[in-house]
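See below for the structure under consideration.
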Amino acid sequence: MKNFLTAFLLLLASVPVSGQIPERRNAKEEARIEKVLTDFLDAWNKHDAKAFAGVFAEEADFTNVRGVSAHGRSEVEKLYAPLFATRFKDTHQNIARSTVRFIKPDVAGVDAWWEMTGAKSPEGQEMPPRKGLLNFVMTKNNDVWLIAVMHNMDLPAAP
């Protein structure tokens with residue numbers, strides 16, 4: 001009886017359940033998501049607030065490393081336009097690595113480890129190079145991937 005119960009539980013565990021997480025790899029869609037990250041970086045490195053906001057969904061939620069939030073593409077643009085003209089006007093950012101995890105075929109969690117040089121403090125002093133982590137929830141609507149939620153954090157310097 002014990003062996004039957006064990007076999008039954010193993011069989012039950014192998015049966016797909018409705019709503020189960022779909023395949024975690026989709027090279028075509030991952031490439032399209034990586035293109036969003038490239039557009040994000042290009043806009044940042046050109047200090048173009050409109051293009052930067054353009055990779056966000058119309059109703060996106062955005063939180064920066066200081067916990068300042070913006071809701072909606074236009075608010076992201078309003079937040080970054082003055083920063084790109086001042087503290088971040090000489091910055092260069094790159095993504096050292098990223099990972100994509102599909103939650104559903106049209107929803108992905110994305111982590112991107114970034115590095116930045118050229119930032120200035122609020123007082124205008126040159127800041128040392130920074131590293132951080134971006135967490136995105138991206139959604140695909142009408143065959144276009146956009147950032148729906150973004151949280152950004154600074155990572156501490158390695159000892």
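Each chain in the structure tokens gets a letter, A, B, ..., in the order shown, and its residues are numbered from 1; ligands are numbered from 1 in order too.
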
Find the residues around A:Met127 up to 8 Å (only C-alpha atoms counted), leave out those fewer than 5 positions away in its own chain, and share them as a PyMOL selection string.
chain A and resi 117-121

Go ahead and dump the residues you just picked, N, CA and C atoms, as a PDB file, in the first residue's frame.
ATOM      1  N   THR A 117      29.261  55.467 -14.547  1.00  0.00           N
ATOM      2  CA  THR A 117      30.318  56.432 -14.270  1.00  0.00           C
ATOM      3  C   THR A 117      29.791  57.823 -14.611  1.00  0.00           C
ATOM      4  N   GLY A 118      30.453  58.842 -14.064  1.00  0.00           N
ATOM      5  CA  GLY A 118      30.153  60.222 -14.439  1.00  0.00           C
ATOM      6  C   GLY A 118      29.053  60.901 -13.666  1.00  0.00           C
ATOM      7  N   ALA A 119      28.488  60.259 -12.648  1.00  0.00           N
ATOM      8  CA  ALA A 119      27.415  60.894 -11.880  1.00  0.00           C
ATOM      9  C   ALA A 119      27.993  61.947 -10.942  1.00  0.00           C
ATOM     10  N   LYS A 120      27.168  62.936 -10.658  1.00  0.00           N
ATOM     11  CA  LYS A 120      27.549  63.999  -9.723  1.00  0.00           C
ATOM     12  C   LYS A 120      26.617  63.935  -8.513  1.00  0.00           C
ATOM     13  N   SER A 121      27.137  64.334  -7.376  1.00  0.00           N
ATOM     14  CA  SER A 121      26.315  64.417  -6.169  1.00  0.00           C
ATOM     15  C   SER A 121      25.360  65.606  -6.314  1.00  0.00           C
TER      16      SER A 121
END

Would you kindly return, as a VMD selection string, each protein, DNA or RNA residue with an atom no farther than 12 Å from any atom of A:Arg32, considering only C-alpha atoms and excluding same-chain residues fewer than 2 positions away?
chain A and resid 26 to 30 34 to 39 100 106 108 138 to 140 143 to 146

Can you pull out every residue from chain A that DSSP, working from the backbone, puts in strand (DSSP E), and format the result as number ranges by chain?
A: 56-63, 69-71, 92-104, 107-117, 130-141, 144-154

Neighbour list for A:Trp114 as a PyMOL selection string, cut-off 8 Å, only C-alpha atoms, skip fewer than 2 positions in-chain:
chain A and resi 93-97+112+116+131-134

Residue list (helix (DSSP H, G or I), DSSP) for stretch 1-158 of chain A, as an MDAnalysis selection string
chainID A and resid 2:14 27:46 49:53 73:85

Atoms kept (C-alpha atoms) for selection, written as a PDB file, in the first residue's frame:
ATOM      1  CA  LYS A   2       2.856   2.388   0.867  1.00  0.00           C
ATOM      2  CA  ASN A   3       4.508   1.817  -2.555  1.00  0.00           C
ATOM      3  CA  PHE A   4       1.168   2.432  -4.305  1.00  0.00           C
ATOM      4  CA  LEU A   5       0.698   5.713  -2.422  1.00  0.00           C
ATOM      5  CA  THR A   6       4.245   6.834  -3.267  1.00  0.00           C
ATOM      6  CA  ALA A   7       3.773   5.979  -6.952  1.00  0.00           C
ATOM      7  CA  PHE A   8       0.424   7.795  -7.013  1.00  0.00           C
ATOM      8  CA  LEU A   9       1.923  10.946  -5.448  1.00  0.00           C
ATOM      9  CA  LEU A  10       4.818  10.921  -7.921  1.00  0.00           C
ATOM     10  CA  LEU A  11       2.394  10.534 -10.821  1.00  0.00           C
ATOM     11  CA  LEU A  12       0.191  13.324  -9.481  1.00  0.00           C
ATOM     12  CA  ALA A  13       3.196  15.651  -9.128  1.00  0.00           C
ATOM     13  CA  SER A  14       4.099  15.128 -12.797  1.00  0.00           C
ATOM     14  CA  ALA A  27      15.197  32.876 -27.171  1.00  0.00           C
ATOM     15  CA  LYS A  28      13.169  35.024 -29.573  1.00  0.00           C
ATOM     16  CA  GLU A  29      11.304  36.861 -26.808  1.00  0.00           C
ATOM     17  CA  GLU A  30      14.450  37.133 -24.672  1.00  0.00           C
ATOM     18  CA  ALA A  31      16.172  38.890 -27.600  1.00  0.00           C
ATOM     19  CA  ARG A  32      13.253  41.301 -27.851  1.00  0.00           C
ATOM     20  CA  ILE A  33      13.475  42.015 -24.118  1.00  0.00           C
ATOM     21  CA  GLU A  34      17.242  42.551 -24.417  1.00  0.00           C
ATOM     22  CA  LYS A  35      16.434  45.125 -27.135  1.00  0.00           C
ATOM     23  CA  VAL A  36      14.310  47.021 -24.593  1.00  0.00           C
ATOM     24  CA  LEU A  37      17.330  47.019 -22.261  1.00  0.00           C
ATOM     25  CA  THR A  38      19.529  48.296 -25.112  1.00  0.00           C
ATOM     26  CA  ASP A  39      17.030  51.084 -25.850  1.00  0.00           C
ATOM     27  CA  PHE A  40      16.917  51.902 -22.118  1.00  0.00           C
ATOM     28  CA  LEU A  41      20.721  52.245 -22.051  1.00  0.00           C
ATOM     29  CA  ASP A  42      20.935  54.178 -25.318  1.00  0.00           C
ATOM     30  CA  ALA A  43      18.414  56.718 -24.023  1.00  0.00           C
ATOM     31  CA  TRP A  44      20.261  56.982 -20.707  1.00  0.00           C
ATOM     32  CA  ASN A  45      23.642  57.451 -22.364  1.00  0.00           C
ATOM     33  CA  LYS A  46      22.192  60.121 -24.694  1.00  0.00           C
ATOM     34  CA  ALA A  49      14.382  61.744 -21.008  1.00  0.00           C
ATOM     35  CA  LYS A  50      11.680  61.271 -23.655  1.00  0.00           C
ATOM     36  CA  ALA A  51      13.383  58.209 -25.181  1.00  0.00           C
ATOM     37  CA  PHE A  52      14.175  56.898 -21.688  1.00  0.00           C
ATOM     38  CA  ALA A  53      10.499  57.137 -20.694  1.00  0.00           C
ATOM     39  CA  ARG A  73       5.510  57.277 -18.716  1.00  0.00           C
ATOM     40  CA  SER A  74       5.045  61.061 -18.610  1.00  0.00           C
ATOM     41  CA  GLU A  75       5.980  61.204 -14.915  1.00  0.00           C
ATOM     42  CA  VAL A  76       9.154  59.181 -15.592  1.00  0.00           C
ATOM     43  CA  GLU A  77      10.071  61.710 -18.283  1.00  0.00           C
ATOM     44  CA  LYS A  78       9.353  64.658 -15.935  1.00  0.00           C
ATOM     45  CA  LEU A  79      11.486  63.066 -13.212  1.00  0.00           C
ATOM     46  CA  TYR A  80      14.502  62.434 -15.468  1.00  0.00           C
ATOM     47  CA  ALA A  81      14.545  65.498 -17.731  1.00  0.00           C
ATOM     48  CA  PRO A  82      16.118  67.754 -15.056  1.00  0.00           C
ATOM     49  CA  LEU A  83      18.442  64.972 -13.855  1.00  0.00           C
ATOM     50  CA  PHE A  84      19.781  64.378 -17.375  1.00  0.00           C
ATOM     51  CA  ALA A  85      20.434  68.124 -17.616  1.00  0.00           C
TER      52      ALA A  85
END

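Here atom CA of A:Ala157 stands at a distance of 25.0 Å from atom CA of A:Gly109.
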
So what do you get for atom CA of A:Trp113 versus atom CA of A:Thr91, distance-wise?
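Between these atoms lies a distance of 16.2 Å.
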
Atom CA of A:Thr63 and atom CA of A:Glu126, how far apart in Å?
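Going from atom CA of A:Glu126 over to atom CA of A:Thr63, I get 23.3 Å.
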
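Among the candidate residues A:His92, A:Asn141, A:Val149, A:Val55, the one lying nearest to A:Pro105 is A:Asn141, with distances computed using only C-alpha atoms.
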
Extract, using only C-alpha atoms, all DNA, RNA and protein residues at most 10 Å from A:Val137, discarding same-chain residues fewer than 4 positions from it, and format them as an MDAnalysis selection string.
chainID A and resid 60:61 100:103 107:111 146:151
